[in-house]
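*Asks:* Starting off with a structure, shown below.
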Amino acid sequence: MEKQRLDKIIASTGRWSRREVKNLTRQGRVLVDGIPARSAEEKADPETAEITVNGEVLAYRRFTWIMLNKPAGYLSATEDGKGATVLDLLPPELQKQGLFPVGRLDKDTEGLLLLTNEGGLAHELLSPKYHVEKVYYARVAGRLTEEDCRAFAAGMTLGDGLVCRPAGLEILAAGEESEARVTLREGKFHQVKRMLACLGKPVVYLERVRMGNLPLDTSLSRGEFRFLTDAEVEALRNF
Ligand code: URA
């Protein structure tokens with residue numbers, strides 16, 4: 001791999017800012033193959049050099065994968081003149097890495113959103129060809145029934161002509177307001193809301209709780225993120 005500046009490599013982990021890397025380097029706390037770096041601008045091959053920061057060997061990854069517990073009020077976009085985007089929830093160093101959301105959640109939808117700069121795998125996860133499951137927790141106005149579940153399972157055609165593949169609707173609670181787990185294998189615009197509205201049960205709250213074989217990490221508070229582990233990224237490749 002091409003050599004890169006140490007401050008860029010180290011800041012890409014999201015744990016230290018470039019300014020912090022500069023200070024740590026001055027203090028002799030950044031080593032490249034055991035030798036203290038002279039400056040944060042020094043270059044190294046992040047795939048072959050052993051870089052140590054504060055005595056800790058850096059685990060470099062070519063691509064970044066992040067799980068965000070998206071709060072309501074943020075757009076799933078990389079830039080927007082009008083409002084806050086999910087990238088605003090990340091520290092500045094991570095905002096410079098060309099990350100983008102893997103698919104979209106509506107502004108008012110919460111829960112699991114992946115962000116990455118690995119275009120190929122992101123594209124596969126979203127491609128209708130691969131039918132990656134997306135699971136949502138939904139609260140709706142009105143009483144959900146077994147008939148609604150059968151309509152989901154049969155594949156619905158919405159009033160505007162949108163043809164939906166067979167999908168899962170599991171009722172968790174039924175009453176004046178009902179709760180359900182919805183499983184889709186595609187991702188059309190506002191799909192969960194449109195399918196449930198078509199049954200006369202408009203969504204009042206929506207949260208994504210799983211994508212492929214990756215559940216939302218419930219230890220993350222709304223607005224918090226963490227890096228995926230190597231095993232999780234590998235599991236995504238084998239969705
Ligand atoms: N379906 C919706 O209607 N909204 C989302 O945010 C995701 C799926």
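Going by the structure tokens order, chains are called A, B, ..., each with residues numbered from 1, while ligands are numbered from 1 in the order shown.
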Neighbouring residues of region 25-36 of chain A were defined as those with any atom within 6 Å, considering only C-alpha atoms; residues of the same chain fewer than 4 positions away were excluded. Please report them as a tab-separated table (two decimals) with N, CA, C and O atoms, in the first residue's frame.

*Replies:*
```tsv
chain	number	residue	atom	x	y	z
A	21	VAL	N	-1.99	13.68	17.61
A	21	VAL	CA	-0.90	12.85	17.05
A	21	VAL	C	0.39	13.68	17.00
A	21	VAL	O	1.47	13.19	17.32
A	40	ALA	N	4.89	14.08	12.84
A	40	ALA	CA	3.61	13.46	12.48
A	40	ALA	C	3.42	13.42	10.98
A	40	ALA	O	2.52	12.76	10.47
A	50	GLU	N	4.72	-1.48	11.73
A	50	GLU	CA	4.08	-1.61	13.04
A	50	GLU	C	4.13	-0.23	13.71
A	50	GLU	O	5.20	0.26	14.04
A	51	ILE	N	2.95	0.36	13.85
A	51	ILE	CA	2.88	1.70	14.43
A	51	ILE	C	2.37	1.57	15.86
A	51	ILE	O	1.36	0.91	16.11
A	52	THR	N	3.10	2.18	16.78
A	52	THR	CA	2.73	2.09	18.19
A	52	THR	C	2.40	3.49	18.71
A	52	THR	O	3.16	4.43	18.45
A	53	VAL	N	1.27	3.62	19.37
A	53	VAL	CA	0.89	4.91	19.96
A	53	VAL	C	0.71	4.68	21.45
A	53	VAL	O	-0.08	3.81	21.85
A	54	ASN	N	1.45	5.43	22.25
A	54	ASN	CA	1.36	5.26	23.71
A	54	ASN	C	1.57	3.81	24.13
A	54	ASN	O	0.87	3.30	25.00
```

*Asks:* Within 6 Å of Gly111 (chain A), counting only C-alpha atoms, which residues show up once you throw out same-chain ones fewer than 2 positions away? Write them as a PDB file with N, CA, C and O atoms, in the first residue's frame, please.

*Replies:*
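Written file, part-v8.pdb:
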```pdb
ATOM      1  N   ASN A  69     -26.128   4.302  16.408  1.00  0.00           N
ATOM      2  CA  ASN A  69     -27.505   4.206  16.902  1.00  0.00           C
ATOM      3  C   ASN A  69     -28.143   5.558  16.592  1.00  0.00           C
ATOM      4  O   ASN A  69     -28.003   6.515  17.347  1.00  0.00           O
ATOM      5  N   LYS A  70     -28.795   5.611  15.453  1.00  0.00           N
ATOM      6  CA  LYS A  70     -29.277   6.906  14.940  1.00  0.00           C
ATOM      7  C   LYS A  70     -30.442   7.438  15.784  1.00  0.00           C
ATOM      8  O   LYS A  70     -31.411   6.734  15.996  1.00  0.00           O
ATOM      9  N   GLU A 207     -37.929   1.965  14.377  1.00  0.00           N
ATOM     10  CA  GLU A 207     -36.522   1.785  14.750  1.00  0.00           C
ATOM     11  C   GLU A 207     -35.978   0.576  14.001  1.00  0.00           C
ATOM     12  O   GLU A 207     -36.616  -0.481  13.992  1.00  0.00           O
ATOM     13  N   ARG A 208     -34.807   0.707  13.391  1.00  0.00           N
ATOM     14  CA  ARG A 208     -34.203  -0.483  12.778  1.00  0.00           C
ATOM     15  C   ARG A 208     -33.387  -1.201  13.844  1.00  0.00           C
ATOM     16  O   ARG A 208     -32.571  -0.579  14.532  1.00  0.00           O
TER      17      ARG A 208
END
```

*Asks:* Quick one: residues within 12 Å of region 216-223 of chain A, only C-alpha atoms counted, chain neighbours fewer than 5 positions away excluded, as a compact mmCIF listing (two decimals) with all heavy atoms, in the first residue's frame?

*Replies:*
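Saved as result_7.txt:
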```txt
# COMPACT_ATOMS: atom_id res chain seq x y z
N ILE A 66 -18.64 1.60 10.74
CA ILE A 66 -19.17 2.15 11.99
C ILE A 66 -20.63 1.78 12.15
O ILE A 66 -21.39 1.79 11.17
CB ILE A 66 -19.01 3.70 11.96
CG1 ILE A 66 -17.56 4.05 12.28
CG2 ILE A 66 -19.96 4.39 12.92
CD1 ILE A 66 -17.24 5.49 12.10
N MET A 67 -21.00 1.41 13.38
CA MET A 67 -22.41 1.21 13.70
C MET A 67 -22.86 2.43 14.51
O MET A 67 -22.27 2.73 15.54
CB MET A 67 -22.62 -0.05 14.54
CG MET A 67 -24.07 -0.23 14.95
SD MET A 67 -24.29 -1.52 16.20
CE MET A 67 -23.86 -2.98 15.29
N LEU A 68 -23.90 3.08 14.00
CA LEU A 68 -24.44 4.25 14.70
C LEU A 68 -25.83 3.90 15.19
O LEU A 68 -26.60 3.27 14.47
CB LEU A 68 -24.51 5.42 13.70
CG LEU A 68 -25.23 6.69 14.17
CD1 LEU A 68 -24.41 7.42 15.23
CD2 LEU A 68 -25.49 7.63 12.99
N ASN A 69 -26.13 4.30 16.41
CA ASN A 69 -27.51 4.21 16.90
C ASN A 69 -28.14 5.56 16.59
O ASN A 69 -28.00 6.51 17.35
CB ASN A 69 -27.53 3.89 18.39
CG ASN A 69 -28.95 3.66 18.89
OD1 ASN A 69 -29.92 3.93 18.18
ND2 ASN A 69 -29.08 3.15 20.10
N LYS A 70 -28.80 5.61 15.45
CA LYS A 70 -29.28 6.91 14.94
C LYS A 70 -30.44 7.44 15.78
O LYS A 70 -31.41 6.73 16.00
CB LYS A 70 -29.73 6.75 13.49
CG LYS A 70 -30.28 8.03 12.87
CD LYS A 70 -30.91 7.76 11.50
CE LYS A 70 -31.61 8.97 10.93
NZ LYS A 70 -32.72 9.46 11.74
N PRO A 71 -30.33 8.69 16.20
CA PRO A 71 -31.47 9.32 16.86
C PRO A 71 -32.38 9.96 15.81
O PRO A 71 -31.95 10.19 14.68
CB PRO A 71 -30.83 10.39 17.73
CG PRO A 71 -29.48 10.64 17.16
CD PRO A 71 -29.14 9.56 16.18
N ALA A 72 -33.61 10.27 16.18
CA ALA A 72 -34.48 11.02 15.28
C ALA A 72 -33.89 12.40 15.06
O ALA A 72 -33.12 12.89 15.90
CB ALA A 72 -35.87 11.11 15.90
N GLY A 73 -34.22 13.01 13.92
CA GLY A 73 -33.81 14.40 13.70
C GLY A 73 -32.58 14.55 12.83
O GLY A 73 -32.16 15.67 12.55
N TYR A 74 -31.99 13.43 12.39
CA TYR A 74 -30.78 13.49 11.55
C TYR A 74 -31.05 12.84 10.20
O TYR A 74 -31.69 11.78 10.14
CB TYR A 74 -29.60 12.79 12.23
CG TYR A 74 -29.10 13.55 13.41
CD1 TYR A 74 -29.72 13.44 14.65
CD2 TYR A 74 -28.02 14.43 13.28
CE1 TYR A 74 -29.28 14.17 15.74
CE2 TYR A 74 -27.56 15.15 14.37
CZ TYR A 74 -28.19 15.02 15.60
OH TYR A 74 -27.76 15.75 16.67
N THR A 85 -26.93 16.10 9.54
CA THR A 85 -26.86 14.76 8.96
C THR A 85 -26.20 13.82 9.98
O THR A 85 -25.60 14.27 10.96
CB THR A 85 -26.01 14.73 7.67
OG1 THR A 85 -24.64 14.82 8.03
CG2 THR A 85 -26.38 15.86 6.73
N VAL A 86 -26.31 12.52 9.69
CA VAL A 86 -25.73 11.55 10.61
C VAL A 86 -24.21 11.74 10.75
O VAL A 86 -23.64 11.38 11.78
CB VAL A 86 -26.05 10.10 10.17
CG1 VAL A 86 -27.50 9.79 10.41
CG2 VAL A 86 -25.66 9.85 8.72
N LEU A 87 -23.56 12.33 9.76
CA LEU A 87 -22.12 12.55 9.86
C LEU A 87 -21.79 13.56 10.96
O LEU A 87 -20.70 13.54 11.53
CB LEU A 87 -21.55 13.04 8.52
CG LEU A 87 -21.34 11.98 7.46
CD1 LEU A 87 -20.71 12.59 6.23
CD2 LEU A 87 -20.46 10.84 7.96
N ASP A 88 -22.75 14.43 11.26
CA ASP A 88 -22.53 15.41 12.33
C ASP A 88 -22.40 14.74 13.70
O ASP A 88 -21.99 15.37 14.67
CB ASP A 88 -23.68 16.43 12.38
CG ASP A 88 -23.69 17.30 11.13
OD1 ASP A 88 -22.60 17.66 10.67
OD2 ASP A 88 -24.78 17.59 10.61
N LEU A 89 -22.78 13.46 13.78
CA LEU A 89 -22.69 12.75 15.06
C LEU A 89 -21.30 12.13 15.26
O LEU A 89 -21.03 11.54 16.30
CB LEU A 89 -23.76 11.65 15.12
CG LEU A 89 -25.20 12.18 15.13
CD1 LEU A 89 -26.20 11.09 14.76
CD2 LEU A 89 -25.53 12.75 16.51
N LEU A 90 -20.44 12.25 14.25
CA LEU A 90 -19.10 11.66 14.34
C LEU A 90 -18.07 12.74 14.64
O LEU A 90 -18.26 13.90 14.28
CB LEU A 90 -18.73 10.98 13.01
CG LEU A 90 -19.69 9.91 12.49
CD1 LEU A 90 -19.17 9.34 11.17
CD2 LEU A 90 -19.85 8.80 13.51
N PRO A 91 -16.93 12.36 15.27
CA PRO A 91 -15.89 13.36 15.52
C PRO A 91 -15.27 13.83 14.19
O PRO A 91 -15.32 13.11 13.20
CB PRO A 91 -14.87 12.60 16.37
CG PRO A 91 -15.17 11.16 16.20
CD PRO A 91 -16.61 11.04 15.80
N THR A 109 -36.72 8.17 11.82
CA THR A 109 -36.46 6.76 12.17
C THR A 109 -35.18 6.67 12.99
O THR A 109 -34.21 7.37 12.71
CB THR A 109 -36.35 5.89 10.91
OG1 THR A 109 -37.55 5.99 10.17
CG2 THR A 109 -36.10 4.43 11.25
N GLU A 110 -35.19 5.78 13.99
CA GLU A 110 -34.03 5.63 14.86
C GLU A 110 -33.38 4.25 14.63
O GLU A 110 -33.90 3.43 13.89
CB GLU A 110 -34.46 5.77 16.32
CG GLU A 110 -35.11 7.13 16.60
CD GLU A 110 -35.24 7.44 18.08
OE1 GLU A 110 -35.75 6.60 18.83
OE2 GLU A 110 -34.82 8.54 18.47
N GLY A 111 -32.27 4.04 15.30
CA GLY A 111 -31.69 2.69 15.33
C GLY A 111 -30.49 2.48 14.44
O GLY A 111 -29.76 3.42 14.11
N LEU A 112 -30.32 1.24 14.05
CA LEU A 112 -29.08 0.78 13.41
C LEU A 112 -28.84 1.39 12.03
O LEU A 112 -29.61 1.18 11.10
CB LEU A 112 -29.15 -0.75 13.27
CG LEU A 112 -28.04 -1.44 12.48
CD1 LEU A 112 -26.67 -1.13 13.05
CD2 LEU A 112 -28.26 -2.94 12.46
N LEU A 113 -27.75 2.14 11.96
CA LEU A 113 -27.32 2.66 10.66
C LEU A 113 -25.82 2.40 10.55
O LEU A 113 -25.05 2.77 11.44
CB LEU A 113 -27.60 4.16 10.55
CG LEU A 113 -27.29 4.78 9.18
CD1 LEU A 113 -28.23 4.24 8.10
CD2 LEU A 113 -27.39 6.29 9.21
N LEU A 114 -25.42 1.74 9.46
CA LEU A 114 -24.00 1.51 9.23
C LEU A 114 -23.44 2.65 8.39
O LEU A 114 -24.13 3.17 7.51
CB LEU A 114 -23.79 0.18 8.50
CG LEU A 114 -24.23 -1.08 9.24
CD1 LEU A 114 -24.04 -2.31 8.36
CD2 LEU A 114 -23.44 -1.22 10.54
N LYS A 134 -33.63 -6.64 6.56
CA LYS A 134 -33.63 -5.47 7.44
C LYS A 134 -34.80 -5.62 8.39
O LYS A 134 -35.92 -5.88 7.94
CB LYS A 134 -33.76 -4.18 6.62
CG LYS A 134 -32.42 -3.72 6.08
CD LYS A 134 -32.48 -3.09 4.74
CE LYS A 134 -32.67 -4.09 3.66
NZ LYS A 134 -32.26 -3.84 2.35
N VAL A 135 -34.53 -5.54 9.67
CA VAL A 135 -35.59 -5.80 10.66
C VAL A 135 -35.87 -4.51 11.44
O VAL A 135 -34.93 -3.82 11.87
CB VAL A 135 -35.18 -6.94 11.62
CG1 VAL A 135 -36.31 -7.26 12.59
CG2 VAL A 135 -34.81 -8.19 10.82
N TYR A 136 -37.14 -4.22 11.60
CA TYR A 136 -37.58 -2.98 12.26
C TYR A 136 -38.53 -3.30 13.40
O TYR A 136 -39.32 -4.25 13.31
CB TYR A 136 -38.32 -2.08 11.26
CG TYR A 136 -37.48 -1.66 10.09
CD1 TYR A 136 -37.37 -2.48 8.95
CD2 TYR A 136 -36.78 -0.46 10.11
CE1 TYR A 136 -36.58 -2.10 7.88
CE2 TYR A 136 -35.99 -0.07 9.05
CZ TYR A 136 -35.89 -0.90 7.93
OH TYR A 136 -35.11 -0.53 6.87
N TYR A 137 -38.47 -2.45 14.42
CA TYR A 137 -39.51 -2.45 15.45
C TYR A 137 -40.42 -1.27 15.10
O TYR A 137 -39.94 -0.14 14.91
CB TYR A 137 -38.87 -2.25 16.83
CG TYR A 137 -39.86 -1.82 17.87
CD1 TYR A 137 -40.69 -2.76 18.49
CD2 TYR A 137 -39.99 -0.48 18.22
CE1 TYR A 137 -41.62 -2.35 19.42
CE2 TYR A 137 -40.92 -0.07 19.15
CZ TYR A 137 -41.73 -1.01 19.74
OH TYR A 137 -42.67 -0.62 20.66
N GLU A 207 -37.93 1.97 14.38
CA GLU A 207 -36.52 1.79 14.75
C GLU A 207 -35.98 0.58 14.00
O GLU A 207 -36.62 -0.48 13.99
CB GLU A 207 -36.43 1.52 16.27
CG GLU A 207 -35.01 1.24 16.73
CD GLU A 207 -34.93 0.76 18.18
OE1 GLU A 207 -35.91 0.15 18.67
OE2 GLU A 207 -33.90 0.97 18.81
N ARG A 208 -34.81 0.71 13.39
CA ARG A 208 -34.20 -0.48 12.78
C ARG A 208 -33.39 -1.20 13.84
O ARG A 208 -32.57 -0.58 14.53
CB ARG A 208 -33.32 -0.12 11.60
CG ARG A 208 -32.74 -1.40 10.96
CD ARG A 208 -32.41 -1.24 9.51
NE ARG A 208 -31.38 -0.28 9.30
CZ ARG A 208 -31.14 0.29 8.13
NH1 ARG A 208 -31.87 0.01 7.08
NH2 ARG A 208 -30.16 1.16 7.99
N VAL A 209 -33.61 -2.52 13.95
CA VAL A 209 -32.95 -3.28 15.02
C VAL A 209 -31.96 -4.32 14.49
O VAL A 209 -31.20 -4.89 15.25
CB VAL A 209 -33.98 -3.97 15.95
CG1 VAL A 209 -34.78 -2.92 16.72
CG2 VAL A 209 -34.92 -4.88 15.18
N ARG A 210 -31.99 -4.56 13.20
CA ARG A 210 -31.02 -5.53 12.64
C ARG A 210 -30.84 -5.28 11.16
O ARG A 210 -31.77 -4.86 10.47
CB ARG A 210 -31.50 -6.97 12.88
CG ARG A 210 -30.52 -8.02 12.41
CD ARG A 210 -30.75 -9.36 13.08
NE ARG A 210 -32.00 -10.00 12.76
CZ ARG A 210 -32.23 -10.68 11.64
NH1 ARG A 210 -31.30 -10.77 10.71
NH2 ARG A 210 -33.40 -11.26 11.45
N MET A 211 -29.64 -5.57 10.68
CA MET A 211 -29.36 -5.50 9.25
C MET A 211 -28.53 -6.73 8.93
O MET A 211 -27.45 -6.91 9.52
CB MET A 211 -28.60 -4.23 8.94
CG MET A 211 -28.49 -3.98 7.47
SD MET A 211 -28.24 -2.25 7.16
CE MET A 211 -27.92 -2.34 5.42
N LEU A 228 -17.14 -1.35 13.98
CA LEU A 228 -17.44 -2.79 13.91
C LEU A 228 -16.15 -3.54 14.19
O LEU A 228 -15.06 -3.08 13.85
CB LEU A 228 -17.96 -3.17 12.53
CG LEU A 228 -19.32 -2.63 12.09
CD1 LEU A 228 -19.78 -3.35 10.82
CD2 LEU A 228 -20.37 -2.79 13.17
N THR A 229 -16.28 -4.71 14.78
CA THR A 229 -15.10 -5.55 14.99
C THR A 229 -14.77 -6.23 13.64
O THR A 229 -15.60 -6.27 12.73
CB THR A 229 -15.39 -6.66 16.02
OG1 THR A 229 -16.43 -7.50 15.48
CG2 THR A 229 -15.85 -6.09 17.34
N GLU A 232 -17.28 -8.80 12.89
CA GLU A 232 -18.57 -8.28 12.39
C GLU A 232 -18.49 -7.90 10.92
O GLU A 232 -19.42 -8.15 10.16
CB GLU A 232 -19.00 -7.08 13.24
CG GLU A 232 -19.53 -7.48 14.61
CD GLU A 232 -19.76 -6.30 15.53
OE1 GLU A 232 -19.05 -5.27 15.40
OE2 GLU A 232 -20.61 -6.42 16.42
```

*Asks:* Give the residues close to ligand 1, within 7 Å, counting only C-alpha atoms and all ligand atoms; write them as a compact mmCIF listing (two decimals) with N, CA, C and O atoms, in the first residue's frame.

*Replies:*
```txt
# COMPACT_ATOMS: atom_id res chain seq x y z
N ARG A 104 -30.61 4.24 3.73
CA ARG A 104 -31.17 5.41 4.41
C ARG A 104 -32.19 5.04 5.45
O ARG A 104 -32.96 4.10 5.26
N LEU A 105 -32.18 5.78 6.53
CA LEU A 105 -33.30 5.75 7.46
C LEU A 105 -33.94 7.14 7.37
O LEU A 105 -33.23 8.14 7.21
N ASP A 106 -35.26 7.19 7.48
CA ASP A 106 -35.94 8.48 7.44
C ASP A 106 -35.44 9.36 8.59
O ASP A 106 -34.93 8.86 9.60
N THR A 109 -36.72 8.17 11.82
CA THR A 109 -36.46 6.76 12.17
C THR A 109 -35.18 6.67 12.99
O THR A 109 -34.21 7.37 12.71
N GLY A 187 -35.54 -2.46 0.06
CA GLY A 187 -35.54 -1.18 0.78
C GLY A 187 -36.04 -0.05 -0.09
O GLY A 187 -35.27 0.80 -0.51
N PHE A 189 -38.31 3.36 -0.85
CA PHE A 189 -38.49 4.63 -0.14
C PHE A 189 -39.66 4.55 0.85
O PHE A 189 -40.79 4.22 0.46
N HIS A 190 -39.43 4.84 2.11
CA HIS A 190 -40.47 4.84 3.16
C HIS A 190 -41.25 3.52 3.18
O HIS A 190 -42.46 3.51 3.46
N GLN A 191 -40.59 2.41 2.89
CA GLN A 191 -41.36 1.18 2.62
C GLN A 191 -42.20 0.70 3.81
O GLN A 191 -43.36 0.35 3.64
N VAL A 192 -41.58 0.66 5.00
CA VAL A 192 -42.33 0.15 6.15
C VAL A 192 -43.56 1.03 6.40
O VAL A 192 -44.69 0.55 6.57
N LYS A 193 -43.33 2.34 6.36
CA LYS A 193 -44.44 3.27 6.63
C LYS A 193 -45.53 3.13 5.57
O LYS A 193 -46.73 3.15 5.89
N ARG A 194 -45.11 2.97 4.33
CA ARG A 194 -46.12 2.89 3.25
C ARG A 194 -46.90 1.59 3.33
O ARG A 194 -48.11 1.56 3.11
```

*Asks:* For a test of reading the model, state the distance in Å between CA of Tyr60 (chain A) and CA of Glu47 (chain A), rounded to one decimal.

*Replies:*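 We find that CA of Tyr60 (chain A) and CA of Glu47 (chain A) lie 7.1 Å from each other.
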